[in-house]
Amino acid sequence: MYDSIFTKENVTLVTLSEIPTDTVFLADLFNTIGNSGVSVDMICRPTDYRKRTRLAFTVDDKDLHEIMCIVAGFGIKSSAFSAGCCKVCVKDQRLAESCGESGKIFSALASHGVDILLVTTDYDEISVLVRSCDLEKAVCAVS
């Protein structure tokens, strides 16, 4: 169905709530994470014009303890960590050139009973984060 489907296992979803919306805070947080040797993959932050917002991103499961320490060091009180997730990335030029491809992917995942935990996109790809128990169903759905 699509040109390429990539998967990555052992991914932790980090969700932070009630964090400052300013870019300085985000820069400090992600610089601290990077300086600790932790690689961040999927990042999602809704646009919010209030003074507080939410942020979600993924890291490798092996970095969970380090991320928890960093979050605590920033004084973030509302956070959640979901280890053992998997990323499924669909890459195809049609995603950049056609309308409705994301709807088709979401419909296929829904028809296989796959819950989407996080979505990120690029020009020609859509990545979804799913529970590890749904990995095979997700790959089957988008294949």
# chains A, B, ... in the order shown; residues from 1 in each chain; ligands from 1
call {"tool": "residues_around", "arguments": {"residues": "Arg52 (chain A)", "least_positions_apart": "3", "cutoff": "7 Å", "atoms": "only C-alpha atoms", "output": "list in words"}}
result
Glu18, Ile19, Pro20 and Thr21 of chain A
call {"tool": "residues_around", "arguments": {"residues": "region 93-107 of chain A", "least_positions_apart": "5", "cutoff": "9 Å", "atoms": "only C-alpha atoms", "output": "ChimeraX atom specification"}}
result
/A:2-3,112,116,122-126,141-142
call {"tool": "closest_residue", "arguments": {"among": "A:Arg54, A:Asp63, A:Thr12, A:Arg45", "to": "Ile33 (chain A)", "atoms": "only C-alpha atoms"}}
result
A:Asp63
call {"tool": "atom_distance", "arguments": {"atom1": "CA of Val59 (chain A)", "atom2": "CA of Ala72 (chain A)"}}
result
16.2 Å
call {"tool": "closest_residue", "arguments": {"among": "A:Thr58, A:Thr121, A:Lys137, A:Val114", "to": "Val90 (chain A)", "atoms": "only C-alpha atoms"}}
result
A:Thr121
call {"tool": "closest_residue", "arguments": {"among": "A:Val24, A:Val11, A:Val128, A:Val38", "to": "Cys89 (chain A)", "atoms": "only C-alpha atoms"}}
result
A:Val128
call {"tool": "closest_residue", "arguments": {"among": "A:Asp115, A:Asp61, A:Asp28, A:Asp41", "to": "Ala83 (chain A)", "atoms": "only C-alpha atoms"}}
result
A:Asp61
call {"tool": "select_by_dssp", "arguments": {"residues": "chain A", "states": "alpha helix (DSSP H)", "output": "JSON, numbers by chain"}}
result
{"A": [23, 24, 25, 26, 27, 28, 29, 30, 31, 32, 33, 34, 35, 64, 65, 66, 67, 68, 69, 70, 71, 72, 73, 94, 95, 96, 97, 101, 102, 103, 104, 105, 106, 107, 108, 109, 110, 111, 135, 136, 137, 138, 139, 140, 141, 142]}
call {"tool": "atom_distance", "arguments": {"atom1": "CA of Ser39 (chain A)", "atom2": "CA of Asp60 (chain A)"}}
result
7.6 Å
call {"tool": "closest_residue", "arguments": {"among": "A:Val139, A:Val88, A:Leu13, A:Val71", "to": "Phe30 (chain A)", "atoms": "only C-alpha atoms"}}
result
A:Val71
call {"tool": "closest_residue", "arguments": {"among": "A:Thr120, A:Lys87, A:Pro46, A:Ile70", "to": "Glu136 (chain A)", "atoms": "only C-alpha atoms"}}
result
A:Lys87
call {"tool": "select_by_dssp", "arguments": {"residues": "region 105-143 of chain A", "states": "strand (DSSP E or B)", "output": "list in words"}}
result
Leu118, Val119, Thr120, Thr121, Asp122, Glu125, Ile126, Ser127, Val128, Leu129, Val130 and Arg131 of chain A
call {"tool": "write_last_selection", "arguments": {"atoms": "N, CA and C atoms", "output": "short mmCIF file (atom, residue, chain, number, x, y, z; two decimals), in the first residue's frame"}}
result
data_model
loop_
_atom_site.label_atom_id
_atom_site.label_comp_id
_atom_site.auth_asym_id
_atom_site.auth_seq_id
_atom_site.Cartn_x
_atom_site.Cartn_y
_atom_site.Cartn_z
N LEU A 118 -0.02 9.11 19.98
CA LEU A 118 0.61 10.36 19.55
C LEU A 118 0.78 10.29 18.05
N VAL A 119 0.65 11.44 17.39
CA VAL A 119 0.83 11.53 15.94
C VAL A 119 1.80 12.67 15.64
N THR A 120 2.75 12.41 14.75
CA THR A 120 3.57 13.48 14.20
C THR A 120 3.65 13.26 12.70
N THR A 121 3.92 14.33 11.97
CA THR A 121 3.99 14.22 10.52
C THR A 121 5.23 14.94 9.99
N ASP A 122 5.57 14.60 8.79
CA ASP A 122 6.59 15.29 8.02
C ASP A 122 6.01 15.43 6.61
N GLU A 125 5.55 11.74 5.40
CA GLU A 125 5.38 10.64 6.34
C GLU A 125 4.43 11.00 7.47
N ILE A 126 3.84 9.95 8.01
CA ILE A 126 3.01 10.05 9.21
C ILE A 126 3.53 9.01 10.18
N SER A 127 3.82 9.44 11.40
CA SER A 127 4.26 8.53 12.45
C SER A 127 3.21 8.49 13.54
N VAL A 128 2.90 7.29 13.99
CA VAL A 128 1.96 7.12 15.09
C VAL A 128 2.64 6.32 16.18
N LEU A 129 2.33 6.66 17.40
CA LEU A 129 2.82 5.91 18.55
C LEU A 129 1.68 5.04 19.03
N VAL A 130 1.96 3.75 19.22
CA VAL A 130 0.93 2.80 19.65
C VAL A 130 1.47 1.97 20.81
N ARG A 131 0.57 1.30 21.50
CA ARG A 131 1.00 0.37 22.55
C ARG A 131 1.71 -0.82 21.91
#
